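**Student:** Structure file query16.cif, mmCIF, C-alpha atoms, pLDDT in the B column; chains and numbers go by the auth columns, is pasted below:
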```
data_entry
#
loop_
_atom_site.group_PDB
_atom_site.id
_atom_site.type_symbol
_atom_site.label_atom_id
_atom_site.label_comp_id
_atom_site.label_asym_id
_atom_site.label_seq_id
_atom_site.Cartn_x
_atom_site.Cartn_y
_atom_site.Cartn_z
_atom_site.B_iso_or_equiv
_atom_site.auth_seq_id
_atom_site.auth_asym_id
ATOM 1 C CA MET A 1 -2.414 12.465 14.764 48.00 245 W
ATOM 2 C CA THR A 2 0.726 12.976 12.658 51.00 246 W
ATOM 3 C CA ALA A 3 2.140 9.676 13.965 55.00 247 W
ATOM 4 C CA ASN A 4 -0.810 7.873 12.418 64.00 248 W
ATOM 5 C CA ARG A 5 -0.931 9.823 9.175 70.00 249 W
ATOM 6 C CA ARG A 6 -0.892 7.991 5.877 79.00 250 W
ATOM 7 C CA PRO A 7 1.830 9.272 3.524 78.00 251 W
ATOM 8 C CA LEU A 8 0.096 10.735 0.464 78.00 252 W
ATOM 9 C CA LYS A 9 1.704 12.529 -2.482 78.00 253 W
ATOM 10 C CA THR A 10 -1.517 14.411 -3.154 80.00 254 W
ATOM 11 C CA ARG A 11 -1.150 16.164 0.210 81.00 255 W
ATOM 12 C CA GLY A 12 1.661 18.238 -1.272 74.00 256 W
ATOM 13 C CA SER A 13 -0.245 19.257 -4.393 84.00 257 W
ATOM 14 C CA GLY A 14 -1.291 22.850 -4.941 84.00 258 W
ATOM 15 C CA TRP A 15 -4.971 22.115 -5.508 88.00 259 W
ATOM 16 C CA ALA A 16 -5.204 20.181 -2.220 86.00 260 W
ATOM 17 C CA ALA A 17 -3.539 23.022 -0.332 89.00 261 W
ATOM 18 C CA ILE A 18 -5.972 25.539 -1.817 92.00 262 W
ATOM 19 C CA LEU A 19 -9.001 23.403 -0.971 90.00 263 W
ATOM 20 C CA ALA A 20 -7.797 22.796 2.588 89.00 264 W
ATOM 21 C CA ALA A 21 -7.089 26.489 3.117 89.00 265 W
ATOM 22 C CA THR A 22 -10.525 27.393 1.761 90.00 266 W
ATOM 23 C CA LEU A 23 -12.250 24.933 4.093 87.00 267 W
ATOM 24 C CA ALA A 24 -10.203 26.180 7.036 87.00 268 W
ATOM 25 C CA ARG A 25 -11.257 29.765 6.329 88.00 269 W
ATOM 26 C CA THR A 26 -14.928 28.779 6.367 88.00 270 W
ATOM 27 C CA GLY A 27 -14.508 27.471 9.912 83.00 271 W
ATOM 28 C CA LEU A 28 -15.548 23.934 8.962 85.00 272 W
ATOM 29 C CA ARG A 29 -14.197 21.494 11.527 89.00 273 W
ATOM 30 C CA PRO A 30 -12.091 18.492 10.450 88.00 274 W
ATOM 31 C CA ASP A 31 -14.500 16.174 12.286 89.00 275 W
ATOM 32 C CA ALA A 32 -17.344 17.359 10.054 90.00 276 W
ATOM 33 C CA ILE A 33 -15.244 16.716 6.951 91.00 277 W
ATOM 34 C CA SER A 34 -14.502 13.218 8.266 91.00 278 W
ATOM 35 C CA ALA A 35 -18.207 12.610 8.844 91.00 279 W
ATOM 36 C CA SER A 36 -18.953 13.613 5.242 93.00 280 W
ATOM 37 C CA SER A 37 -16.994 10.567 4.054 93.00 281 W
ATOM 38 C CA MET A 38 -19.751 8.373 5.493 94.00 282 W
ATOM 39 C CA ILE A 39 -22.365 10.353 3.552 96.00 283 W
ATOM 40 C CA PHE A 40 -20.438 9.708 0.338 97.00 284 W
ATOM 41 C CA ALA A 41 -20.129 6.038 1.306 97.00 285 W
ATOM 42 C CA LEU A 42 -23.880 5.796 1.836 98.00 286 W
ATOM 43 C CA GLY A 43 -24.403 7.362 -1.576 98.00 287 W
ATOM 44 C CA GLY A 44 -22.002 4.896 -3.158 98.00 288 W
ATOM 45 C CA ALA A 45 -23.579 1.919 -1.440 98.00 289 W
ATOM 46 C CA GLY A 46 -27.011 3.123 -2.553 98.00 290 W
ATOM 47 C CA ALA A 47 -25.806 3.467 -6.139 98.00 291 W
ATOM 48 C CA PHE A 48 -24.395 -0.061 -6.056 98.00 292 W
ATOM 49 C CA TRP A 49 -27.652 -1.435 -4.636 98.00 293 W
ATOM 50 C CA LEU A 50 -29.849 0.336 -7.194 98.00 294 W
ATOM 51 C CA SER A 51 -27.592 -0.719 -10.078 98.00 295 W
ATOM 52 C CA ALA A 52 -28.581 -4.356 -9.604 97.00 296 W
ATOM 53 C CA ASP A 53 -32.169 -3.622 -10.713 96.00 297 W
ATOM 54 C CA ALA A 54 -31.409 -1.011 -13.363 97.00 298 W
ATOM 55 C CA PRO A 55 -31.279 -1.535 -17.157 96.00 299 W
ATOM 56 C CA ALA A 56 -27.959 -1.044 -18.946 93.00 300 W
ATOM 57 C CA GLY A 57 -28.002 2.741 -19.405 95.00 301 W
ATOM 58 C CA PRO A 58 -29.051 3.736 -15.880 97.00 302 W
ATOM 59 C CA ARG A 59 -26.861 0.947 -14.466 98.00 303 W
ATOM 60 C CA ALA A 60 -23.823 2.512 -16.122 98.00 304 W
ATOM 61 C CA VAL A 61 -24.732 5.897 -14.642 98.00 305 W
ATOM 62 C CA LEU A 62 -25.165 4.372 -11.182 98.00 306 W
ATOM 63 C CA LEU A 63 -21.818 2.580 -11.382 98.00 307 W
ATOM 64 C CA ILE A 64 -20.075 5.805 -12.405 98.00 308 W
ATOM 65 C CA SER A 65 -21.879 7.556 -9.540 98.00 309 W
ATOM 66 C CA ALA A 66 -20.532 4.951 -7.127 98.00 310 W
ATOM 67 C CA GLY A 67 -17.025 5.582 -8.459 98.00 311 W
ATOM 68 C CA VAL A 68 -17.464 9.336 -7.980 98.00 312 W
ATOM 69 C CA CYS A 69 -18.613 8.752 -4.387 98.00 313 W
ATOM 70 C CA ILE A 70 -15.488 6.659 -3.754 98.00 314 W
ATOM 71 C CA GLN A 71 -13.280 9.499 -4.927 97.00 315 W
ATOM 72 C CA LEU A 72 -15.223 12.076 -2.895 97.00 316 W
ATOM 73 C CA ARG A 73 -14.707 9.876 0.160 96.00 317 W
ATOM 74 C CA LEU A 74 -10.955 9.859 -0.485 95.00 318 W
ATOM 75 C CA LEU A 75 -10.996 13.626 -0.965 95.00 319 W
ATOM 76 C CA ALA A 76 -12.723 14.054 2.398 94.00 320 W
ATOM 77 C CA ASN A 77 -10.107 11.752 3.964 91.00 321 W
ATOM 78 C CA LEU A 78 -7.354 13.932 2.521 92.00 322 W
ATOM 79 C CA LEU A 79 -8.821 17.283 3.477 92.00 323 W
ATOM 80 C CA ASP A 80 -9.860 16.464 7.048 89.00 324 W
ATOM 81 C CA GLY A 81 -6.249 15.719 7.973 85.00 325 W
ATOM 82 C CA MET A 82 -4.908 18.779 6.166 88.00 326 W
ATOM 83 C CA VAL A 83 -7.367 21.109 7.877 90.00 327 W
ATOM 84 C CA ALA A 84 -6.604 19.483 11.236 86.00 328 W
ATOM 85 C CA VAL A 85 -2.807 19.434 10.967 82.00 329 W
ATOM 86 C CA GLU A 86 -1.673 22.090 8.495 79.00 330 W
ATOM 87 C CA HIS A 87 -4.264 24.592 9.708 79.00 331 W
ATOM 88 C CA GLY A 88 -4.301 23.640 13.385 71.00 332 W
ATOM 89 C CA ARG A 89 -8.032 22.907 13.589 77.00 333 W
ATOM 90 C CA GLY A 90 -7.798 19.440 15.141 72.00 334 W
ATOM 91 C CA GLY A 91 -9.878 18.664 18.227 77.00 335 W
ATOM 92 C CA PRO A 92 -9.736 16.106 21.040 80.00 336 W
ATOM 93 C CA LEU A 93 -11.995 13.688 19.163 81.00 337 W
ATOM 94 C CA GLY A 94 -9.911 13.899 15.996 77.00 338 W
ATOM 95 C CA PRO A 95 -8.388 10.410 16.297 81.00 339 W
ATOM 96 C CA VAL A 96 -11.868 8.878 16.581 87.00 340 W
ATOM 97 C CA TRP A 97 -13.193 10.774 13.581 84.00 341 W
ATOM 98 C CA ASN A 98 -10.021 9.944 11.671 82.00 342 W
ATOM 99 C CA GLU A 99 -10.546 6.185 12.010 89.00 343 W
ATOM 100 C CA LEU A 100 -14.168 5.239 12.632 93.00 344 W
ATOM 101 C CA PRO A 101 -15.770 6.839 9.545 93.00 345 W
ATOM 102 C CA ASP A 102 -13.094 5.182 7.403 94.00 346 W
ATOM 103 C CA ARG A 103 -14.042 1.728 8.622 95.00 347 W
ATOM 104 C CA ILE A 104 -17.748 2.395 8.102 96.00 348 W
ATOM 105 C CA ALA A 105 -17.056 3.733 4.606 96.00 349 W
ATOM 106 C CA ASP A 106 -14.966 0.662 3.728 97.00 350 W
ATOM 107 C CA ILE A 107 -17.833 -1.618 4.729 98.00 351 W
ATOM 108 C CA LEU A 108 -20.470 0.387 2.867 98.00 352 W
ATOM 109 C CA PHE A 109 -18.506 0.576 -0.374 98.00 353 W
ATOM 110 C CA LEU A 110 -17.207 -2.993 -0.489 98.00 354 W
ATOM 111 C CA ALA A 111 -20.308 -4.752 0.813 98.00 355 W
ATOM 112 C CA GLY A 112 -22.375 -2.462 -1.413 98.00 356 W
ATOM 113 C CA ALA A 113 -20.398 -3.545 -4.470 98.00 357 W
ATOM 114 C CA GLY A 114 -21.133 -7.143 -3.534 98.00 358 W
ATOM 115 C CA TYR A 115 -24.866 -6.461 -3.419 98.00 359 W
ATOM 116 C CA ALA A 116 -24.698 -4.953 -6.895 98.00 360 W
ATOM 117 C CA LEU A 117 -24.221 -8.596 -7.938 98.00 361 W
ATOM 118 C CA ARG A 118 -27.042 -10.004 -5.830 96.00 362 W
ATOM 119 C CA HIS A 119 -29.171 -11.035 -8.820 96.00 363 W
ATOM 120 C CA VAL A 120 -26.526 -12.460 -11.160 95.00 364 W
ATOM 121 C CA ALA A 121 -24.485 -14.131 -8.393 95.00 365 W
ATOM 122 C CA PRO A 122 -26.656 -14.217 -5.260 94.00 366 W
ATOM 123 C CA ASP A 123 -24.214 -16.363 -3.297 91.00 367 W
ATOM 124 C CA ILE A 124 -20.812 -15.278 -4.554 96.00 368 W
ATOM 125 C CA GLY A 125 -21.386 -11.534 -5.047 97.00 369 W
ATOM 126 C CA PRO A 126 -22.458 -10.491 -1.542 98.00 370 W
ATOM 127 C CA MET A 127 -19.994 -12.966 -0.033 98.00 371 W
ATOM 128 C CA LEU A 128 -17.095 -11.353 -1.924 98.00 372 W
ATOM 129 C CA GLY A 129 -18.266 -7.903 -0.856 98.00 373 W
ATOM 130 C CA TRP A 130 -18.476 -8.808 2.813 98.00 374 W
ATOM 131 C CA LEU A 131 -15.180 -10.690 2.679 98.00 375 W
ATOM 132 C CA ALA A 132 -13.464 -7.661 1.154 98.00 376 W
ATOM 133 C CA ALA A 133 -15.040 -5.400 3.795 98.00 377 W
ATOM 134 C CA THR A 134 -13.980 -7.678 6.662 98.00 378 W
ATOM 135 C CA LEU A 135 -10.421 -7.868 5.391 98.00 379 W
ATOM 136 C CA ALA A 136 -10.312 -4.094 4.932 97.00 380 W
ATOM 137 C CA VAL A 137 -11.254 -3.574 8.579 97.00 381 W
ATOM 138 C CA LEU A 138 -8.702 -6.216 9.574 98.00 382 W
ATOM 139 C CA THR A 139 -5.870 -4.339 7.858 97.00 383 W
ATOM 140 C CA ALA A 140 -6.715 -1.263 9.933 96.00 384 W
ATOM 141 C CA TYR A 141 -6.950 -3.377 13.085 97.00 385 W
ATOM 142 C CA ILE A 142 -3.447 -4.766 12.561 97.00 386 W
ATOM 143 C CA ARG A 143 -2.103 -1.244 12.007 96.00 387 W
ATOM 144 C CA GLU A 144 -3.728 0.037 15.183 95.00 388 W
ATOM 145 C CA LEU A 145 -2.654 -3.048 17.112 96.00 389 W
ATOM 146 C CA GLY A 146 0.918 -2.277 16.128 96.00 390 W
ATOM 147 C CA ARG A 147 0.562 1.294 17.344 94.00 391 W
ATOM 148 C CA ALA A 148 -0.916 0.096 20.644 94.00 392 W
ATOM 149 C CA LEU A 149 2.162 -2.104 21.061 95.00 393 W
ATOM 150 C CA GLY A 150 4.483 0.847 20.509 93.00 394 W
ATOM 151 C CA CYS A 151 5.250 0.406 16.795 94.00 395 W
ATOM 152 C CA GLU A 152 4.910 2.950 14.006 92.00 396 W
ATOM 153 C CA ALA A 153 1.717 2.875 11.973 93.00 397 W
ATOM 154 C CA ASP A 154 2.092 0.425 9.093 95.00 398 W
ATOM 155 C CA PHE A 155 0.363 1.549 5.903 95.00 399 W
ATOM 156 C CA ALA A 156 1.948 -1.153 3.726 93.00 400 W
ATOM 157 C CA GLY A 157 -0.015 -2.577 0.798 91.00 401 W
ATOM 158 C CA PRO A 158 -0.675 -3.916 -1.723 96.00 402 W
ATOM 159 C CA GLY A 159 -4.268 -3.747 -0.461 95.00 403 W
ATOM 160 C CA ALA A 160 -4.163 -0.600 1.694 95.00 404 W
ATOM 161 C CA LYS A 161 -7.104 1.804 1.542 94.00 405 W
ATOM 162 C CA PRO A 162 -5.869 3.876 -1.434 94.00 406 W
ATOM 163 C CA HIS A 163 -5.154 0.689 -3.392 96.00 407 W
ATOM 164 C CA ARG A 164 -8.559 -0.835 -2.579 97.00 408 W
ATOM 165 C CA MET A 165 -10.436 2.303 -3.491 97.00 409 W
ATOM 166 C CA ALA A 166 -8.433 2.837 -6.690 97.00 410 W
ATOM 167 C CA ALA A 167 -9.217 -0.729 -7.749 98.00 411 W
ATOM 168 C CA LEU A 168 -12.907 -0.339 -6.915 98.00 412 W
ATOM 169 C CA THR A 169 -13.138 2.989 -8.749 98.00 413 W
ATOM 170 C CA ALA A 170 -11.494 1.478 -11.818 98.00 414 W
ATOM 171 C CA GLY A 171 -13.851 -1.482 -11.542 98.00 415 W
ATOM 172 C CA CYS A 172 -16.846 0.859 -11.493 98.00 416 W
ATOM 173 C CA VAL A 173 -15.680 2.682 -14.612 98.00 417 W
ATOM 174 C CA LEU A 174 -14.866 -0.515 -16.504 98.00 418 W
ATOM 175 C CA ALA A 175 -18.134 -2.129 -15.420 98.00 419 W
ATOM 176 C CA ALA A 176 -20.052 0.953 -16.590 98.00 420 W
ATOM 177 C CA VAL A 177 -18.411 0.637 -20.008 97.00 421 W
ATOM 178 C CA GLY A 178 -19.017 -3.109 -19.902 97.00 422 W
ATOM 179 C CA THR A 179 -22.769 -2.667 -19.622 96.00 423 W
ATOM 180 C CA HIS A 180 -22.797 -2.260 -23.421 94.00 424 W
ATOM 181 C CA TRP A 181 -21.542 -5.844 -23.757 94.00 425 W
ATOM 182 C CA HIS A 182 -23.304 -7.269 -20.675 94.00 426 W
ATOM 183 C CA ALA A 183 -19.865 -7.727 -19.094 96.00 427 W
ATOM 184 C CA ASP A 184 -20.440 -5.378 -16.151 97.00 428 W
ATOM 185 C CA SER A 185 -21.217 -8.052 -13.578 97.00 429 W
ATOM 186 C CA ALA A 186 -18.183 -10.126 -14.525 97.00 430 W
ATOM 187 C CA ILE A 187 -15.951 -7.044 -14.303 98.00 431 W
ATOM 188 C CA LEU A 188 -17.333 -6.064 -10.903 98.00 432 W
ATOM 189 C CA MET A 189 -16.952 -9.601 -9.567 98.00 433 W
ATOM 190 C CA LEU A 190 -13.374 -9.786 -10.833 98.00 434 W
ATOM 191 C CA THR A 191 -12.662 -6.435 -9.184 98.00 435 W
ATOM 192 C CA LEU A 192 -13.942 -7.629 -5.819 98.00 436 W
ATOM 193 C CA ALA A 193 -11.996 -10.888 -6.124 98.00 437 W
ATOM 194 C CA MET A 194 -8.835 -8.908 -6.861 98.00 438 W
ATOM 195 C CA ILE A 195 -9.439 -6.636 -3.865 98.00 439 W
ATOM 196 C CA VAL A 196 -9.915 -9.688 -1.639 98.00 440 W
ATOM 197 C CA GLY A 197 -6.656 -11.190 -2.905 98.00 441 W
ATOM 198 C CA LEU A 198 -4.670 -7.973 -2.460 98.00 442 W
ATOM 199 C CA THR A 199 -6.096 -7.397 1.003 98.00 443 W
ATOM 200 C CA VAL A 200 -5.277 -10.943 2.116 98.00 444 W
ATOM 201 C CA VAL A 201 -1.672 -10.301 1.086 98.00 445 W
ATOM 202 C CA THR A 202 -1.747 -7.027 3.017 98.00 446 W
ATOM 203 C CA VAL A 203 -3.094 -8.686 6.176 98.00 447 W
ATOM 204 C CA VAL A 204 -0.359 -11.323 6.042 98.00 448 W
ATOM 205 C CA ARG A 205 2.354 -8.796 5.224 98.00 449 W
ATOM 206 C CA ARG A 206 1.404 -6.369 8.006 98.00 450 W
ATOM 207 C CA THR A 207 1.155 -9.219 10.508 98.00 451 W
ATOM 208 C CA LEU A 208 4.624 -10.487 9.602 98.00 452 W
ATOM 209 C CA ARG A 209 6.079 -6.980 9.708 97.00 453 W
ATOM 210 C CA LEU A 210 4.521 -6.386 13.129 97.00 454 W
ATOM 211 C CA ALA A 211 5.877 -9.703 14.427 97.00 455 W
ATOM 212 C CA GLY A 212 9.342 -8.791 13.138 96.00 456 W
ATOM 213 C CA ARG A 213 9.265 -5.398 14.863 95.00 457 W
ATOM 214 C CA LEU A 214 8.153 -6.935 18.140 96.00 458 W
ATOM 215 C CA ARG A 215 10.948 -9.526 17.985 95.00 459 W
ATOM 216 C CA ALA A 216 13.501 -6.819 17.277 93.00 460 W
ATOM 217 C CA ALA A 217 12.316 -4.586 20.117 77.00 461 W
#
```
Translate the structure of the given file into structure tokens.

**Tutor:**
Amino acid sequence: MTANRRPLKTRGSGWAAILAATLARTGLRPDAISASSMIFALGGAGAFWLSADAPAGPRAVLLISAGVCIQLRLLANLLDGMVAVEHGRGGPLGPVWNELPDRIADILFLAGAGYALRHVAPDIGPMLGWLAATLAVLTAYIRELGRALGCEADFAGPGAKPHRMAALTAGCVLAAVGTHWHADSAILMLTLAMIVGLTVVTVVRRTLRLAGRLRAA
């Protein structure tokens, strides 16, 4: 698992160590923590969906709620690995739980954000969401393809998971503020377009880096 572990500065922070140690003492398995990320993703996708039909005030609350769910998903992603590795609680199915919930969560959040625009931009909004989700899964596929071919895991950006989720969280917050000026939909659409652009660059970059490693092998 350590060979396929994303380098994160937050992993070395004191608060993360305390949380991971607390979870380890409760006996909670890393796989269960990984599964919780999908629950947060469902909550975020639901908040995005409901925001499309909500008036300005509740829409702002729902968009903030979606942003909170994104961050809780990232927290679960951080803690499952720390409990598994630092506290020796990993199991045989750890690699599956480490990857599959992440891909499902990516799809739920990004496609969900697209459906938040289904009334104001019924063609473009959902399309951007699904395009962002497809590209997100593709970045992970290229990384895992590289590992299957004997290369180190490539977490290069600029549209890696932490970058995508940071952009989407910021988009949620700005869109929530923008509800006061009816700019929320434009902000959310711009956020998704930016995520698509960054992820396209990431797909190309990881592919070229993988090709270079294979040629050099």

**Student:** Find the residues around Met409 of chain W up to 12 Å (all atoms listed in the file counted), leave out those fewer than 5 positions away in its own chain, and share them as a PyMOL selection string.

**Tutor:** chain W and resi 285+288+310-319+346+349-351+353-354+357+376-377+380+402-404+414-416+435-436+438-439+442-443

**Student:** Assuming the chain letters and numbering stay as they are in my file, what does the PyMOL selection byres ((chain W and resi 429) around 10) actually select? List them as a list in words.

**Tutor:**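 Answer for the PyMOL selection byres ((chain W and resi 429) around 10): Ala296, Ala360, Leu361, Arg362, His363, Val364, Ala365, Gly369, Ala419, Ala420, Gly422, Thr423, His426, Ala427, Asp428, Ala430, Ile431, Leu432, Met433, Leu434 and Thr435 of chain W.
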
**Student:** Any idea what's packed within 10 Å of Ala279 of chain W, counting only C-alpha atoms, ignoring anything in its chain fewer than 3 positions away? Could you give it as a list in words?

**Tutor:**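 The filter keeps Pro274, Asp275, Ala276, Met282, Ile283, Phe284, Arg317, Ala320, Asn321, Asp324, Trp341, Asn342, Leu344, Pro345, Asp346 and Ala349 of chain W.
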
**Student:** Out of W:Ala289, W:Ala268, W:Ala355, W:Leu379, which residue has the shortest atom-to-atom distance to Arg333 of chain W when counting all atoms listed in the file?

**Tutor:** W:Ala268

**Student:** Quick check on the file I pasted: which residues fall under the PyMOL selection byres ((chain W and resi 457) around 12)? Write them as a list in words.

**Tutor:**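 That expression, the PyMOL selection byres ((chain W and resi 457) around 12), corresponds here to Gly390, Arg391, Leu393, Gly394, Cys395, Glu396, Ala397, Asp398, Arg450, Thr451, Leu452, Arg453, Leu454, Ala455, Gly456, Leu458, Arg459, Ala460 and Ala461 of chain W.
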
**Student:** Quick one: pull the distance between atom CA of Val421 of chain W and atom CA of Leu322 of chain W, Å, one decimal.

**Tutor:** 28.4 Å

**Student:** Closest to Ala328 of chain W among W:Ala264, W:Arg303, W:Gly356, W:Thr383, using all atoms listed in the file?

**Tutor:**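 Result for the nearest residue to Ala328 of chain W: W:Ala264.
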
**Student:** If I take atom CA of Lys405 of chain W and atom CA of Gly373 of chain W, how far is one from the other in Å, to one decimal?

**Tutor:**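 Computed distance, atom CA of Lys405 of chain W to atom CA of Gly373 of chain W, equals 15.0 Å.
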
**Student:** The PyMOL selection byres ((chain W and resi 250) around 12) on the file shown: which residues, as a list in words?

**Tutor:**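 Here the PyMOL selection byres ((chain W and resi 250) around 12) matches Met245, Thr246, Ala247, Asn248, Arg249, Pro251, Leu252, Lys253, Thr254, Arg255, Asn321, Leu322, Gly325, Met326, Asn342, Glu343, Ala384, Arg387, Glu396, Ala397, Asp398, Phe399, Ala400, Gly401, Ala404, Lys405 and Pro406 of chain W.
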
**Student:** By how many Å are atom CA of Thr378 of chain W and atom CA of Val447 of chain W apart?

**Tutor:**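 Value for the atom CA of Thr378 of chain W-atom CA of Val447 of chain W distance: 10.9 Å.
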
**Student:** To box segment 380-396 of chain W, take all atoms listed in the file, fit an axis-aligned box, add 6 Å on each side, and give centre and edge lengths in Å to one decimal, as lines of an AutoDock Vina configuration file.

**Tutor:**
```
center_x = -3.0
center_y = -1.6
center_z = 13.0
size_x = 28.5
size_y = 21.2
size_z = 28.1
```

**Student:** For Pro339 of chain W, which of W:Val444, W:Ile386, W:Val381, W:Ser278 is the closest residue, counting all atoms listed in the file?

**Tutor:**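 Closest to Pro339 of chain W, using all atoms listed in the file: W:Ser278.
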
**Student:** When you count only C-alpha atoms, which of these residues is closest to Leu272 of chain W: W:Leu294, W:Ala300, W:Val448, W:Leu323?

**Tutor:** W:Leu323
